[in-house]
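Here is the structure we will look at, set down as C-alpha cells.
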Amino acid sequence: MTKDLEHIPTNEQQDIASLEKMLQAKMNRDYLPPASIQRDAHPKQHGLVKAQFIVEDDLPTQLKIGIFKQPHSYKTWIRFSNQNSDPQVDNVKDIRGMAMKLMGVSGEKLLEEEKHATTHDFILISTPMFVTKNVEQFEKLIAALVSSKLRVLLFFLFHPRALLNLFRSNKNYPNPLAARYWSTTPYRFGDKVVKYSAKPNDNDFGELPKNPADNYLRSALSNYLDNKDISFDFMVQLQKDSKSMPIEDPGKRWSETESPFIKVATIRIPRQKFDSPEQFAYGTSLSFNPWHALPEHLPLGGINRARKVIYQAISKFRHEKNGTKRQEPVDFSPFEETNETA
C-alpha cells in the first residue's frame with residue numbers, strides 16, 4: 001500500500017549517502033576536541049520540559065488509530081530548539097523546533113534496532129513548508145552551504161521556491177511557546193495520510209525584547225513556566241487530494257481550507273523548573289527520530305526516508321564521538337521526582 005503512495009527516485013540512496021557524509025564531515029570541522037559534538041540541526045536547545053500528551057476521549061472511529069486508538073495520557077519529553085546548524089543568538093530569525101518523545105507506548109516500532117522501545121516521537125518545526133522539494137534538492141542545498149556563499153547564491157537562484165520558503169519560515173518569536181508547529185512531512189494514519197500540527201492555547205507572551213539577550217528564548221520559556229501551565233492542541237490534517245496535497249513534495253503547503261486540521265490530543269506543559277544543568281545535558285543527549293514510531297504512523301516521502309538513515313547515523317556518530325550512551329527513556333528518570341512549581 002505504501003508503494004502505491006510513495007515514488008522513490010532512482011538516485012535517492014546516493015543523495016542520502018552524500019548527505020550523511022557531508023554532515024558528518026561538517027560536524028568534525030565545527031566541533032574540534034575537546035568540544036562535544038552537537039546535532040547537525042537544531043543544536044541550540046532552549047529547554048527540555050516535562051509534559052503530558054493526552055489523547056482525546058471522543059474521537060470519531062476513523063481517527064482511533066495507533067497512538068490515538070483509545071484515551072490515554074502519555075508522559076512526554078519536549079525539547080525546544082533553534083534549527084540553524086551553527087548555534088547563534090536568539091534574535092536572529094530562524095526556524096524553531098518542538099520535538100516530542102512520548103513514553104509508555106506499547107507495540108513494536110519501525111526502527112529495527114529499537115523496535116522494542118516504548119517511545120514514539122513527533123518532530124515539529126515552526127513552519128508548514130519544508131525548504132526544499134525533495135532529497136536531491138536538499139542534498140544540493142547542503143552541498144552549497146558547506147562550500148561557499150557563491151554556491152549558496154547560485155542554488156537559490158536556480159531554486160527560487162526554496163528561497164521563498166526559507167524567507168517565509170525564518171521568524172522571531174517572543175517565546176518558544178508562542179509558535180505554532182507543523183510536521184511539514186506526511187505520515188500514515190492507518191489507511192489515511194496526514195500531517196501534524198501543534199497550536200498553543202495562549203497568546204499572552206508579550207513583545208519581542210528591545211535589547212534581547214543572546215539566550216532570551218530560554219529565559220522567556222523559563223519565566224513563563226515559573227508562573228503557569230500551558231497547553232497545545234495537537235492536530236492532524238487529512239490528505240484529501242494527492243495532487244494538491246503531495247506526499248513527495250513537503251515544500252508545498254497543504255491547504256487548511258481544503259482540509260482543516262482536526263484536534264486529536266492535548267499537550268499539557270505544567271508549571272515547572274527545567275533549567276538545571278543536568279536536565280539541560282539530558283536534553284542535549286536525547287535523540288529524536290520520526291521513525292521512533294508505530295507502523296500505523298509510518299513516515300512518508302523522500303525527506304522522511306532520508307531522515308531514517310541520517311538521523312540514526314548522526315545520532316550514533318555524535319554519541320560515539322562524545323563517549324555517551326544512546327538509549328530511549330522509559331519515564332522521566334533520572335528526573336522522575338517532580339520539579340513542578342507548587
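Following the order of the C-alpha cells, chains are lettered A, B, ..., residues in each are numbered from 1, and ligands are numbered from 1.
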- Message: Considering only helix (DSSP H, G or I) as DSSP defines it on the backbone, what residues of segment 42-290 of chain A qualify? List them as JSON, numbers by chain.
- Response: {"A": [61, 62, 63, 66, 67, 68, 112, 113, 114, 135, 136, 137, 138, 139, 140, 141, 142, 143, 144, 145, 149, 150, 151, 152, 153, 154, 155, 156, 157, 158, 160, 161, 162, 163, 164, 165, 166, 167, 168, 169, 176, 177, 178, 216, 217, 218, 219, 220, 221, 222, 223, 224, 225, 226, 227, 277, 278, 279, 280, 281, 282, 283, 284, 285]}
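Using only C-alpha atoms, the protein and nucleic acid residues lying no more than 10 Å from Asp241 of chain A, apart from those fewer than 3 places from it along its own chain, are A:Leu238, A:Ser244, A:Met245, A:Pro246, A:Trp254, A:Glu258, A:Ser259.
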Kindly provide the residues of segment 232-339 of chain A that approach segment 190-200 of chain A to within 8 Å, each paired with its closest atom pair and their distance in Å to one decimal, based on only C-alpha atoms, listed by chain and increasing number, as CSV.
residue,atom,partner,partner_atom,distance
A:Phe232,CA,A:Pro200,CA,4.2
A:Asp233,CA,A:Lys199,CA,5.2
A:Phe234,CA,A:Ala198,CA,4.5
A:Met235,CA,A:Ser197,CA,5.2
A:Val236,CA,A:Tyr196,CA,4.7
A:Gln237,CA,A:Val194,CA,5.1
A:Leu238,CA,A:Val194,CA,4.6
A:Gln239,CA,A:Val193,CA,5.5
A:Phe261,CA,A:Ser197,CA,7.8
A:Glu296,CA,A:Gly190,CA,4.9
A:His297,CA,A:Gly190,CA,6.8
Create the file for the chosen residues now, containing N, CA and C atoms and written as a JSON list (two decimals), in the first residue's frame.
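Produced file out_28.json, reproduced below:
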[["chain", "number", "residue", "atom", "x", "y", "z"],
["A", 232, "PHE", "N", -1.23, 22.88, 24.35],
["A", 232, "PHE", "CA", -1.26, 22.96, 22.89],
["A", 232, "PHE", "C", -2.33, 22.00, 22.39],
["A", 233, "ASP", "N", -3.03, 22.38, 21.32],
["A", 233, "ASP", "CA", -3.86, 21.43, 20.60],
["A", 233, "ASP", "C", -2.97, 20.67, 19.62],
["A", 234, "PHE", "N", -2.97, 19.34, 19.71],
["A", 234, "PHE", "CA", -2.25, 18.52, 18.73],
["A", 234, "PHE", "C", -3.27, 18.05, 17.70],
["A", 235, "MET", "N", -2.98, 18.31, 16.42],
["A", 235, "MET", "CA", -3.99, 18.14, 15.37],
["A", 235, "MET", "C", -3.44, 17.35, 14.19],
["A", 236, "VAL", "N", -4.35, 16.77, 13.42],
["A", 236, "VAL", "CA", -3.99, 16.10, 12.18],
["A", 236, "VAL", "C", -4.75, 16.74, 11.02],
["A", 237, "GLN", "N", -4.10, 16.75, 9.87],
["A", 237, "GLN", "CA", -4.70, 17.26, 8.64],
["A", 237, "GLN", "C", -4.76, 16.12, 7.64],
["A", 238, "LEU", "N", -5.95, 15.71, 7.26],
["A", 238, "LEU", "CA", -6.13, 14.58, 6.36],
["A", 238, "LEU", "C", -5.86, 14.99, 4.92],
["A", 239, "GLN", "N", -5.10, 14.16, 4.22],
["A", 239, "GLN", "CA", -4.88, 14.38, 2.79],
["A", 239, "GLN", "C", -6.19, 14.13, 2.04],
["A", 261, "PHE", "N", -7.33, 21.30, 9.96],
["A", 261, "PHE", "CA", -6.75, 20.44, 10.99],
["A", 261, "PHE", "C", -7.83, 20.04, 12.00],
["A", 296, "GLU", "N", 1.50, 2.14, 12.33],
["A", 296, "GLU", "CA", 0.28, 2.85, 11.89],
["A", 296, "GLU", "C", 0.58, 4.30, 11.54],
["A", 297, "HIS", "N", 1.72, 4.82, 12.00],
["A", 297, "HIS", "CA", 2.10, 6.21, 11.76],
["A", 297, "HIS", "C", 3.40, 6.29, 10.96]]
- Message: At a cut-off of 12 Å, using only C-alpha atoms, what residues contact Leu145 of chain A? Leave out same-chain residues fewer than 3 positions from it and give the result as a PyMOL selection string.
- Response: chain A and resi 19+22-23+26+84-86+138-142+148-156
Next, dump the selected residues to file, keeping only C-alpha atoms, as an mmCIF file, in the first residue's frame.
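What landed in result-v6.cif:
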data_model
loop_
_atom_site.group_PDB
_atom_site.id
_atom_site.type_symbol
_atom_site.label_atom_id
_atom_site.label_comp_id
_atom_site.auth_asym_id
_atom_site.auth_seq_id
_atom_site.Cartn_x
_atom_site.Cartn_y
_atom_site.Cartn_z
ATOM 1 C CA LEU A 19 24.182 13.979 2.841
ATOM 2 C CA MET A 22 28.805 15.854 4.266
ATOM 3 C CA LEU A 23 27.052 16.335 7.596
ATOM 4 C CA LYS A 26 30.884 19.347 8.889
ATOM 5 C CA ASN A 84 20.384 26.627 12.437
ATOM 6 C CA SER A 85 23.325 24.221 12.356
ATOM 7 C CA ASP A 86 25.601 26.938 13.729
ATOM 8 C CA PHE A 138 18.169 19.160 -0.194
ATOM 9 C CA GLU A 139 21.498 17.477 -0.981
ATOM 10 C CA LYS A 140 22.342 20.325 -3.362
ATOM 11 C CA LEU A 141 21.436 22.890 -0.704
ATOM 12 C CA ILE A 142 23.654 21.270 1.941
ATOM 13 C CA SER A 148 30.784 28.834 -0.336
ATOM 14 C CA LYS A 149 28.452 31.818 -0.328
ATOM 15 C CA LEU A 150 28.629 31.873 -4.136
ATOM 16 C CA ARG A 151 27.294 28.307 -4.353
ATOM 17 C CA VAL A 152 24.509 29.191 -1.918
ATOM 18 C CA LEU A 153 23.605 32.172 -4.084
ATOM 19 C CA LEU A 154 23.583 30.027 -7.212
ATOM 20 C CA PHE A 155 21.467 27.363 -5.520
ATOM 21 C CA PHE A 156 18.760 29.840 -4.578
#
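Considering only C-alpha atoms, the residue among A:Gly301, A:Gly47, A:Pro295, A:Pro212 positioned nearest to Glu108 of chain A is A:Pro295.
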Got a sec to tell me which of segment 34-220 of chain A DSSP assigns to strand (DSSP E), as a short mmCIF file (atom, residue, chain, number, x, y, z; two decimals) with N, CA and C atoms, in the first residue's frame?
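Done, and the output landed in out-v1.cif:
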data_model
loop_
_atom_site.label_atom_id
_atom_site.label_comp_id
_atom_site.auth_asym_id
_atom_site.auth_seq_id
_atom_site.Cartn_x
_atom_site.Cartn_y
_atom_site.Cartn_z
N LYS A 44 20.96 24.21 19.11
CA LYS A 44 20.76 25.12 20.23
C LYS A 44 19.44 24.81 20.92
N GLN A 45 19.54 24.36 22.14
CA GLN A 45 18.37 23.94 22.92
C GLN A 45 17.94 25.07 23.86
N HIS A 46 16.64 25.35 23.86
CA HIS A 46 16.10 26.33 24.81
C HIS A 46 15.72 25.64 26.12
N GLY A 47 15.29 24.41 26.02
CA GLY A 47 14.94 23.69 27.23
C GLY A 47 14.30 22.35 26.91
N LEU A 48 14.45 21.42 27.83
CA LEU A 48 13.78 20.12 27.79
C LEU A 48 12.76 20.13 28.92
N VAL A 49 11.48 20.01 28.58
CA VAL A 49 10.43 20.15 29.58
C VAL A 49 9.57 18.89 29.66
N LYS A 50 9.00 18.70 30.84
CA LYS A 50 8.06 17.59 31.05
C LYS A 50 6.67 17.99 30.58
N ALA A 51 5.96 17.04 30.00
CA ALA A 51 4.62 17.32 29.51
C ALA A 51 3.77 16.06 29.57
N GLN A 52 2.48 16.23 29.31
CA GLN A 52 1.55 15.13 29.14
C GLN A 52 0.92 15.24 27.77
N PHE A 53 0.91 14.13 27.05
CA PHE A 53 0.25 14.06 25.74
C PHE A 53 -1.04 13.29 25.96
N ILE A 54 -2.18 14.00 25.92
CA ILE A 54 -3.46 13.44 26.35
C ILE A 54 -4.37 13.23 25.14
N VAL A 55 -4.59 11.97 24.79
CA VAL A 55 -5.43 11.63 23.64
C VAL A 55 -6.88 11.93 23.97
N SER A 73 -3.08 9.15 28.61
CA SER A 73 -2.17 10.25 28.88
C SER A 73 -0.75 9.70 28.94
N TYR A 74 0.10 10.18 28.04
CA TYR A 74 1.48 9.72 27.96
C TYR A 74 2.44 10.75 28.55
N LYS A 75 3.33 10.30 29.44
CA LYS A 75 4.42 11.15 29.86
C LYS A 75 5.26 11.48 28.63
N THR A 76 5.65 12.75 28.53
CA THR A 76 6.31 13.20 27.31
C THR A 76 7.43 14.19 27.62
N TRP A 77 8.58 13.97 26.99
CA TRP A 77 9.63 14.98 26.99
C TRP A 77 9.46 15.85 25.77
N ILE A 78 9.59 17.17 25.91
CA ILE A 78 9.54 18.09 24.77
C ILE A 78 10.82 18.93 24.78
N ARG A 79 11.50 18.94 23.66
CA ARG A 79 12.72 19.73 23.50
C ARG A 79 12.45 20.87 22.53
N PHE A 80 12.65 22.11 23.00
CA PHE A 80 12.51 23.31 22.16
C PHE A 80 13.90 23.75 21.71
N SER A 81 14.00 24.21 20.46
CA SER A 81 15.32 24.48 19.90
C SER A 81 15.27 25.47 18.75
N ASN A 82 16.46 25.93 18.33
CA ASN A 82 16.66 26.67 17.08
C ASN A 82 17.23 25.71 16.04
N ARG A 96 12.17 27.35 14.39
CA ARG A 96 12.24 26.81 15.75
C ARG A 96 11.67 25.39 15.78
N GLY A 97 12.15 24.59 16.71
CA GLY A 97 11.76 23.19 16.76
C GLY A 97 11.05 22.82 18.04
N MET A 98 10.14 21.86 17.91
CA MET A 98 9.41 21.28 19.05
C MET A 98 9.42 19.76 18.83
N ALA A 99 10.35 19.07 19.48
CA ALA A 99 10.48 17.62 19.33
C ALA A 99 9.89 16.95 20.56
N MET A 100 8.97 16.02 20.33
CA MET A 100 8.26 15.36 21.44
C MET A 100 8.58 13.88 21.47
N LYS A 101 8.81 13.38 22.67
CA LYS A 101 9.07 11.95 22.85
C LYS A 101 8.05 11.41 23.86
N LEU A 102 7.04 10.72 23.36
CA LEU A 102 6.04 10.08 24.21
C LEU A 102 6.63 8.80 24.78
N MET A 103 6.32 8.49 26.03
CA MET A 103 6.84 7.29 26.68
C MET A 103 5.69 6.40 27.14
N THR A 119 8.95 4.25 23.23
CA THR A 119 8.83 5.67 22.88
C THR A 119 8.23 5.85 21.50
N HIS A 120 7.64 7.00 21.30
CA HIS A 120 7.09 7.40 20.00
C HIS A 120 7.35 8.89 19.85
N ASP A 121 8.03 9.28 18.76
CA ASP A 121 8.44 10.68 18.58
C ASP A 121 7.56 11.40 17.57
N PHE A 122 7.29 12.67 17.85
CA PHE A 122 6.70 13.61 16.88
C PHE A 122 7.68 14.78 16.76
N ILE A 123 8.11 15.07 15.54
CA ILE A 123 9.08 16.14 15.31
C ILE A 123 8.40 17.24 14.50
N LEU A 124 8.30 18.41 15.11
CA LEU A 124 7.60 19.53 14.50
C LEU A 124 8.52 20.75 14.44
N ILE A 125 8.28 21.61 13.44
CA ILE A 125 9.02 22.86 13.32
C ILE A 125 8.04 24.00 13.06
N TYR A 181 3.52 24.94 15.50
CA TYR A 181 4.48 24.00 14.92
C TYR A 181 3.76 23.02 13.99
N TRP A 182 4.49 22.58 12.95
CA TRP A 182 3.97 21.63 11.95
C TRP A 182 4.98 20.52 11.71
N TYR A 187 2.57 11.56 7.02
CA TYR A 187 2.66 10.30 7.76
C TYR A 187 1.42 9.46 7.49
N ARG A 188 1.61 8.15 7.59
CA ARG A 188 0.47 7.25 7.61
C ARG A 188 -0.39 7.53 8.85
N PHE A 189 -1.67 7.34 8.69
CA PHE A 189 -2.59 7.37 9.82
C PHE A 189 -3.57 6.24 9.58
N LYS A 192 -5.00 6.16 6.06
CA LYS A 192 -5.05 7.54 5.58
C LYS A 192 -3.65 8.14 5.62
N VAL A 193 -3.54 9.38 5.11
CA VAL A 193 -2.28 10.12 5.15
C VAL A 193 -2.56 11.47 5.80
N VAL A 194 -1.68 11.88 6.72
CA VAL A 194 -1.89 13.13 7.45
C VAL A 194 -0.59 13.91 7.59
N LYS A 195 -0.74 15.17 7.96
CA LYS A 195 0.33 15.97 8.54
C LYS A 195 -0.10 16.37 9.95
N TYR A 196 0.89 16.71 10.79
CA TYR A 196 0.61 17.06 12.18
C TYR A 196 0.85 18.55 12.42
N SER A 197 0.20 19.07 13.46
CA SER A 197 0.46 20.44 13.89
C SER A 197 0.14 20.56 15.38
N ALA A 198 0.85 21.47 16.05
CA ALA A 198 0.59 21.78 17.47
C ALA A 198 0.44 23.28 17.61
N LYS A 199 -0.68 23.70 18.20
CA LYS A 199 -1.01 25.12 18.30
C LYS A 199 -1.22 25.51 19.76
N PRO A 200 -0.52 26.56 20.24
CA PRO A 200 -0.66 26.94 21.66
C PRO A 200 -2.01 27.55 21.97
#
